[in-house]
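Remarks on the structure that follows.
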Number of protein chains: 2
Amino acid sequence: MARLPIYLRALSALSDRDIATSSSEELAQAAGVNSAKLRKDLSYLGSYGTRGVGYDVEYLRYQIARELGLTQDWRVVIIGVGNLGQALANYAGFSTRGFRIVALVDADPARVGQRIGDHTIHGVEKLETLVAEHNVSIGVITTPASSAQRVADRLVAAGVSSILNFAPAVISVPDGVDVRKVDLSIELQILAYHEQRKTLSCGDSTVTRLRSDVLQVVTPAVGSQ
Amino acid sequence: MARLPIYLRALSALSDRDIATSSSEELAQAAGVNSAKLRKDLSYLGSYGTRGVGYDVEYLRYQIARELGLTQDWRVVIIGVGNLGQALANYAGFSTRGFRIVALVDADPARVGQRIGDHTIHGVEKLETLVAEHNVSIGVITTPASSAQRVADRLVAAGVSSILNFAPAVISVPDGVDVRKVDLSIELQILAYHEQRKTLSCGDSTVTRLRSDVLQVVTPAVGSQ
DNA sequence: CCGATTTTGTTCCCGCGTTCACAAGCTCTT
DNA sequence: AAGAGCTTGTGAACGCGGGAACAAAATCGG
């Protein structure tokens with residue numbers, strides 16, 4: 001389930017506050033979801049709660065981490081060391097969750113050899129060697145859109161079967177390879193869409209933009225309600 | 001709809017390749033969705049296609065951009081100028097879509113006054129002034145989790161009604177304010193989850209991990225298919 | 001030891017989103 | 001000008017996920 005990482009974070013926050021036990025209601029509020037949904041999600045992992053008491057924070061945290069595979073360490077390579085690639089390379093949230101960045105790769109010869117945090121940037125020609133050498137299982141693509149598909153193909157050929165794609169391009173991969181796409185500008189666009197719909201108003205009437213060319217105007221009748 | 005930005009990007013790609021007209025089938029493939037879904041989404045905006053022909057790429061692109069509000073320019077403030085904040089401040093995908101970053105804000109006095117690209121970093125005490133002065137409508141939070149809620153409260157009080165939250169924390173806001181959350185480590189965790197389920201195999205048998213403690217083993221019978 | 005209380009695990013139902021399938025409509029050819 | 005061939009727009013069925021509601025179980029107090 002895609003919500004397990006959220007629960008994990010909520011549990012970590014409770015653990016930091018030295019809370020040993022938590023009810024589904026409390027956890028659900030911390031995670032921002034419905035308590036019934038949370039219980040259903042957790043019951044899928046097994047019966048890790050105690051009726052009348054709640055969930056043991058540490059125990060549940062370990063179980064979720066294990067289910068997610070965070071008790072292993074995953075080797076990650078980042079391809080494309082622009083602003084975003086650098087930010088990800090330094091992002092503390094990765095290493096604390098079992099993700100180890102073993103190599104940074106860039107196609108720009110001017111960048112090769114530079115150091116970012118603990119890592120030296122390698123030339124893209126070494127991609128296959130690095131993947132094999134470090135037994136990399138996850139590739140992160142932060143290249144321009146034009147290179148994304150080529151990089152993905154090389155990753156797949158080298159044996160990587162999970163890809164996180166930040167490039168603004170749809171990449172196609174064979175069956176058995178997972179791709180997740182994060183597009184930072186899409187999130188802003190969605191916000192803008194909602195924002196646009198909110199800011200229409202006119203006197204007493206409520207104006208809702210049903211489409212860009214259709215406005216629904218609700219005017220309260222005088223004297224009623 | 002949350003898919004409009006994806007369609008917009010696919011249309012832009014077609015436009016760059018000087019393709020004037022596209023069918024729903026073609027567009028859907030470029031966007032990575034079902035063609036019926038795409039047609040239904042587009043029909044919600046109005047009848048912008050021509051039966052027997054397809055959609056006019058430029059016309060549809062403009063219509064979607066207008067629907068999303070990308071024909072306006074949106075003023076954005078970024079709070080928290082760490083690695084991620086810097087990456088976002090320099091991200092080209094924002095400015096090309098009508099988003100204008102009007103201010104960078106950080107609580108660290110050592111950072112105040114530094115320049116990132118075209119912008120100077122301001123102290124967090126100026127947040128309200130900057131929001132009012134530039135008529136900011138969207139706030140981007142890239143602070144540590146511990147400051148996120150406080151920053152969000154101040155943004156809301158200053159009149160910002162759309163927030164993009166990169167901090168690993170659930171923030172609560174009054175009704176009428178939109179929050180979208182992006183958590184970079186969650187994406188990796190989901191990949192790890194799937195990766196873990198894939199890499200279990202044992203001889204001829206197919207081993208599927210139903211739960212962390214339940215394995216389904218399918219062994220082909222000897223001699224039979 | 002038993003009942004009251006609390007909280008989990010689960011069942012059932014409702015609604016939304018997706019997808020199939022088809023009718024409506026446009027273009028091009030003959 | 002009429003029919004053949006596409007392609008859009010949409011009606012209808014299907015499936016899945018979410019939420020309320022309830023039963024099962026564990027603790028606590030008397």
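Chains: A, B, ... in order of the structure tokens. Residues: from 1 per chain. Ligands: from 1, in order shown.
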### Message
Can you pull out the residues contacting Gly49 in chain A? Cut-off 12 Å, using only C-alpha atoms (C1' of nucleotides), and skip same-chain residues under 6 positions away; I want them as a ChimeraX atom specification.
### Response
/A:21-24,38-40,42-43,55-61,63 /C:7-9 /D:25-26
### Query
range 37-217 of chain A: which residues are strand (DSSP E or B) by DSSP, as an MDAnalysis selection string?
chainID A and resid 49:50 54:56 74:79 99:106 115:116 119:123 138:141 162:165 178:181 202 205:211 214:217
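Those residues of chain D that fall within 7 Å of chain B when using only C-alpha atoms (C1' of nucleotides) read DC6, DT7, DT8 and DG9 of chain D.
Minimum atom-to-atom distance to chain B, evaluated using only C-alpha atoms (C1' of nucleotides), belongs to C:DT27 out of C:DT6, C:DT11, C:DT27, C:DC16.
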### Query
Can you list, as number ranges by chain, every residue of range 61-171 of chain A that DSSP puts in alpha helix (DSSP H)?
A: 61-68, 83-90, 92-95, 127-134, 145-157
### Task
Tell me, in Å to one decimal, how far CA of Leu164 in chain B is from CA of Asp178 in chain A.
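Distance between the two atoms: 26.2 Å.
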### Message
Residues of chain B within 7 Å of chain A, counting only C-alpha atoms - could you list those as a list in words?
### Response
Ala2, Pro5, Ala31, Leu45, Glu67, Leu68, Gly69, Asn83, Leu84, Ala87, Gly93, Phe94, Ser162, Val170, Ser185, Ile186, Gln189, Ile190, Leu191, Ala192, Tyr193, Glu195, Gln196, Arg211 and Ser212 of chain B
### Query
If you count only C-alpha atoms (C1' of nucleotides), which residues fall within 10 Å of DG17 in chain C, apart from same-chain ones fewer than 2 positions away, as a list in words?
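So, after excluding close chain neighbours, the residues are Lys37 of chain B; DG15 and DT19 of chain C; DG15 and DC16 of chain D.
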Next, write the just-selected residues to a file, as an mmCIF file, in the first residue's frame, keeping N, CA and C atoms (P, O5', C5', C4', C3', O3' and C1' of nucleotides) as the atom set.
data_model
loop_
_atom_site.group_PDB
_atom_site.id
_atom_site.type_symbol
_atom_site.label_atom_id
_atom_site.label_comp_id
_atom_site.auth_asym_id
_atom_site.auth_seq_id
_atom_site.Cartn_x
_atom_site.Cartn_y
_atom_site.Cartn_z
ATOM 1 N N LYS B 37 -10.553 7.400 -21.346
ATOM 2 C CA LYS B 37 -10.419 8.293 -20.199
ATOM 3 C C LYS B 37 -10.013 9.686 -20.660
ATOM 4 P P DG C 15 -24.799 6.695 -2.399
ATOM 5 O "O5'" DG C 15 -23.461 7.249 -3.050
ATOM 6 C "C5'" DG C 15 -22.387 7.650 -2.220
ATOM 7 C "C4'" DG C 15 -21.117 7.675 -3.026
ATOM 8 C "C3'" DG C 15 -21.262 8.290 -4.418
ATOM 9 O "O3'" DG C 15 -20.175 9.162 -4.644
ATOM 10 C "C1'" DG C 15 -20.285 6.144 -4.591
ATOM 11 P P DT C 19 -8.819 2.578 -17.245
ATOM 12 O "O5'" DT C 19 -9.786 1.660 -18.111
ATOM 13 C "C5'" DT C 19 -10.400 0.540 -17.497
ATOM 14 C "C4'" DT C 19 -11.574 0.049 -18.338
ATOM 15 C "C3'" DT C 19 -11.358 0.131 -19.861
ATOM 16 O "O3'" DT C 19 -11.688 -1.112 -20.439
ATOM 17 C "C1'" DT C 19 -13.420 1.110 -19.281
ATOM 18 P P DG D 15 -16.540 -7.119 -12.692
ATOM 19 O "O5'" DG D 15 -15.471 -6.204 -11.955
ATOM 20 C "C5'" DG D 15 -14.569 -5.418 -12.719
ATOM 21 C "C4'" DG D 15 -13.856 -4.447 -11.812
ATOM 22 C "C3'" DG D 15 -13.511 -5.011 -10.433
ATOM 23 O "O3'" DG D 15 -12.169 -4.671 -10.131
ATOM 24 C "C1'" DG D 15 -14.763 -3.015 -10.196
ATOM 25 P P DC D 16 -11.427 -5.342 -8.905
ATOM 26 O "O5'" DC D 16 -10.850 -4.069 -8.143
ATOM 27 C "C5'" DC D 16 -10.568 -2.878 -8.890
ATOM 28 C "C4'" DC D 16 -10.661 -1.685 -7.974
ATOM 29 C "C3'" DC D 16 -10.191 -1.959 -6.544
ATOM 30 O "O3'" DC D 16 -9.350 -0.894 -6.126
ATOM 31 C "C1'" DC D 16 -12.342 -0.994 -6.514
#
#### Entry: Interatomic distance, CA of Val151 in chain B to CA of Leu127 in chain B (Å, one decimal)
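According to the coordinates, CA of Val151 in chain B and CA of Leu127 in chain B are separated by 9.2 Å.
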Hey, could you make a per-residue contact list for chain C against chain B with 9 Å as the cut-off, showing the nearest pair of atoms and its distance in Å to one decimal, counting only C-alpha atoms (C1' of nucleotides), sorted by chain and number, as CSV?
residue,atom,partner,partner_atom,distance
C:DT18,C1',B:Lys37,CA,7.2
C:DT19,C1',B:Ala36,CA,7.2
C:DC20,C1',B:Ala36,CA,8.9
C:DA24,C1',B:Arg51,CA,8.9
C:DG25,C1',B:Arg51,CA,6.0
C:DC26,C1',B:Gly52,CA,5.3
C:DT27,C1',B:Gly52,CA,6.9
### Task
Go ahead and compute the interatomic distance for CA of Val156 in chain B and CA of Gln114 in chain B, in Å to one decimal.
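According to the coordinates, CA of Val156 in chain B and CA of Gln114 in chain B are separated by 26.3 Å.
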### Task
Please provide as a PyMOL selection string all residues within 10 Å of DA4 in chain C, with the sequence filter that same-chain residues fewer than 2 positions apart are discarded (counting only C-alpha atoms (C1' of nucleotides)).
(chain C and resi 2+6) or (chain D and resi 28-29)
Go ahead and write the residues just picked, N, CA and C atoms (P, O5', C5', C4', C3', O3' and C1' of nucleotides), as a PDB file, in the first residue's frame.
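For reference, part_17.pdb as written:
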ATOM      1  P    DC C   2     -17.863 -16.139  36.250  1.00  0.00           P
ATOM      2  O5'  DC C   2     -18.699 -14.813  36.020  1.00  0.00           O
ATOM      3  C5'  DC C   2     -19.266 -14.113  37.140  1.00  0.00           C
ATOM      4  C4'  DC C   2     -19.409 -12.641  36.789  1.00  0.00           C
ATOM      5  C3'  DC C   2     -19.780 -12.355  35.343  1.00  0.00           C
ATOM      6  O3'  DC C   2     -20.755 -11.334  35.315  1.00  0.00           O
ATOM      7  C1'  DC C   2     -17.861 -11.146  35.887  1.00  0.00           C
ATOM      8  P    DT C   6     -14.804   3.980  27.907  1.00  0.00           P
ATOM      9  O5'  DT C   6     -13.548   3.610  26.991  1.00  0.00           O
ATOM     10  C5'  DT C   6     -12.394   3.040  27.593  1.00  0.00           C
ATOM     11  C4'  DT C   6     -11.681   2.140  26.611  1.00  0.00           C
ATOM     12  C3'  DT C   6     -11.552   2.706  25.193  1.00  0.00           C
ATOM     13  O3'  DT C   6     -10.190   2.714  24.834  1.00  0.00           O
ATOM     14  C1'  DT C   6     -12.266   0.452  25.134  1.00  0.00           C
TER      15       DT C   6
ATOM     16  P    DC D  28      -4.989  -2.878  32.467  1.00  0.00           P
ATOM     17  O5'  DC D  28      -6.180  -2.200  33.285  1.00  0.00           O
ATOM     18  C5'  DC D  28      -7.114  -1.383  32.580  1.00  0.00           C
ATOM     19  C4'  DC D  28      -8.371  -1.197  33.419  1.00  0.00           C
ATOM     20  C3'  DC D  28      -8.138  -1.257  34.934  1.00  0.00           C
ATOM     21  O3'  DC D  28      -8.875  -0.259  35.588  1.00  0.00           O
ATOM     22  C1'  DC D  28      -9.780  -2.826  34.304  1.00  0.00           C
ATOM     23  P    DG D  29      -8.435   0.238  37.043  1.00  0.00           P
ATOM     24  O5'  DG D  29      -9.827   0.205  37.821  1.00  0.00           O
ATOM     25  C5'  DG D  29     -11.027   0.569  37.134  1.00  0.00           C
ATOM     26  C4'  DG D  29     -12.236  -0.123  37.754  1.00  0.00           C
ATOM     27  C3'  DG D  29     -12.179  -0.231  39.291  1.00  0.00           C
ATOM     28  O3'  DG D  29     -13.443   0.120  39.816  1.00  0.00           O
ATOM     29  C1'  DG D  29     -12.522  -2.353  38.366  1.00  0.00           C
TER      30       DG D  29
END
